[in-house]
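Since the structure comes first, as structure tokens, the remarks are kept for the end.
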Amino acid sequence: MRQFKNMAYPYMIWISVMIVVPMLMIIMYAFTKHGNDVATFWFTFENFSYFFSDIIFINVLKQSLYIAVVTTLICIVLGYPAAYIMANSKEKNKVLLMLLITFPTWINMLVRTYAWMGILQDNGILHNILTSLGLEIKLLHTDFAVILGMVYNFIPFMILQIYTSLTKMDKSLLEAASDLGADKVQCFLRVTFPLSLPGVISGITLVFLPAMSSFFIPKLLGGGQYVLIGNVIESQFLTAGNWNFGSAISLIMAVIIMISMYITKKIESKNGIEKGRTAN
Amino acid sequence: MKPSKKIGSKIYMILLMIFFYLPILYTIIFSFNSSRSLTRFGGFSLRWYEKMFHDATMMESIFYTIAIAILATVISTFIGTITAIGLSKTNRILKAIAEQVNDLPIMNPEIVTGIGLLMFFSALGVRKGFLTLLLAHIMFCTPYVILSIAPKLRSLDPNLADAALDLGATPWQALTKVIVPQIMPGILSGALIAFTMSFDDFIISYFVTGNGVNNISILVYTMSKRINPSINALSTLIIVIITVVLLLVNIIPIIKQKKERKQHEA
């Protein structure tokens, strides 16, 4: 059996070249000065200080965080009931609902986001319905459109994560709780919800991360003037050609995402400890 | 209280499904629109399909998307299978390191992976295009293949391959006749994930490609700046392809099972 272990080595070389080296290059470029020449390596914090000294970039960062947080919250609020209903439906309906929720995710995100452009446009379906109700509001190229596009694309991940943690739950715990006199609301708040928290947390990871770094959703639904952090990175690499600055921004973004994940995990484990205490 | 609650959850799920399927229905309906408008349906026509099939860049992008998806699926499934088997036999530390690195492209924002590869390829002086696109797709597909095979290997009896070797099988035979058939479901689901990941990818492809080699997603992105209803025709084509692939993948095992059952009965 030992002879098989050599089969993993080619891939290890491959990942160190294709995954690790590009990551190191981002870090190297972020801390060096302009010029795409590797030989003239010049350590500097200039790219970072340039970012943080410009109010425009700070505002873009704030806006990106705002959109990502709002998207994540909406995904939890709308996704939780859906997962709960799914987990409590009949076996046959479970399969059907699972299929219906996952099917759109198999279709190209860009194609589905492009469709929203037509729906949200002035005189589009949604706009017309709202106008006939007496609400004449601009939909496309607003915060609303961007958040809607993100919620649309990412909510299935949230639903599936919460659903999985709800179905894994031991149902006899609920019986025990109600035997001990808990009503339905108490059962939910003190048993079901805490036990589904791991699902919510991994759902947050799956929603917040792409929401924070997305650049085609803001471009398509927010319009050409709408800029989030992902759009800044895109333009630094593909139009401005300043790779050092672009690398620094993506590093800043990655750090913010990591900090957010860390805080989320901390909140979860803190909750766990408190629960343990009240249980004692 | 109970029936009203049930009706409430039904309505909620229906609204959610409308939200999920509205853009898909919209795309399909407006791909048959006879007018140029993206908001008013002027009557049934196939003009946008005609336009799409006569548009060289659109047809090229379809070709590239399918070619890359098939190549990336075959190669990443092969590499992923071999690596997963190898990793299941290596020592714990090496395995842990490999798994961590393997998770990087999954955990990283795609845009970061994309720009990393962009800089990497240009540092090597590789011409951006088909090759860089294919290499990138193999890179981000393989981790998913490994992830879907690894649990199958964990539940596999380690003595099975040893038994085959003791009975005189060559390592190659033990591999192809004993291990691979056992983990086949994992390999197939890994291949399906790889195919759809590659077929749908936009962000990484967008950064690593160049010289006119575009996939469908990139084309939709660059064309979306102007009104162009043939995008809806192209989108509908994608929806049909993915639906057919999913149907085939889900139906073929059922048919196979039925056939096997019939053979058993006979």
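Labeling convention for the structure tokens: chains A, B, ... as they appear, residues from 1 per chain, ligands from 1 in order of appearance.
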With chain B as the partner and 7 Å as the cut-off, tabulate the residues of chain A that qualify, each row holding the nearest pair of atoms and their distance in Å to one decimal, using only C-alpha atoms, sorted by chain and rising number, as a Markdown table.
```
| residue | atom | partner | partner_atom | distance |
| --- | --- | --- | --- | --- |
| A:Met1 | CA | B:Asp162 | CA | 6.1 |
| A:Arg2 | CA | B:Lys89 | CA | 6.7 |
| A:Phe4 | CA | B:Gly86 | CA | 5.3 |
| A:Lys5 | CA | B:Gly86 | CA | 4.2 |
| A:Asn6 | CA | B:Gly86 | CA | 6.2 |
| A:Met7 | CA | B:Gly86 | CA | 4.7 |
| A:Ala8 | CA | B:Thr83 | CA | 4.3 |
| A:Tyr11 | CA | B:Thr83 | CA | 6.3 |
| A:Met12 | CA | B:Ala98 | CA | 6.7 |
| A:Met18 | CA | B:Met139 | CA | 6.9 |
| A:Pro22 | CA | B:Gly116 | CA | 4.4 |
| A:Met23 | CA | B:Gly116 | CA | 5.8 |
| A:Met25 | CA | B:Gly116 | CA | 6.7 |
| A:Ile26 | CA | B:Gly116 | CA | 6.0 |
| A:Ala82 | CA | B:Met13 | CA | 6.6 |
| A:Ile85 | CA | B:Ser9 | CA | 6.5 |
| A:Pro104 | CA | B:Phe20 | CA | 7.0 |
| A:Trp106 | CA | B:Thr196 | CA | 6.7 |
| A:Ile107 | CA | B:Ile239 | CA | 6.2 |
| A:Asn108 | CA | B:Asp200 | CA | 4.7 |
| A:Leu110 | CA | B:Ser217 | CA | 6.1 |
| A:Val111 | CA | B:Ser235 | CA | 5.9 |
| A:Arg112 | CA | B:Pro23 | CA | 6.0 |
| A:Ala115 | CA | B:Pro23 | CA | 5.1 |
| A:Trp116 | CA | B:Pro23 | CA | 6.0 |
| A:Gly118 | CA | B:Leu38 | CA | 5.7 |
| A:Asn123 | CA | B:Thr39 | CA | 6.1 |
| A:Gly124 | CA | B:Thr39 | CA | 4.7 |
| A:Ile125 | CA | B:Thr39 | CA | 6.8 |
| A:Leu209 | CA | B:Pro109 | CA | 6.5 |
| A:Pro210 | CA | B:Pro109 | CA | 6.4 |
| A:Ser213 | CA | B:Pro109 | CA | 6.4 |
| A:Ser250 | CA | B:Val112 | CA | 6.5 |
```
Next on the checklist: I need the residues in region 49-241 of chain A that are alpha helix (DSSP H) according to DSSP; give them as a ChimeraX atom specification.
Outcome noted: /A:49-53,55-87,91-106,109-120,125-132,143-168,171-179,184-187,193-213,216-222,229-235
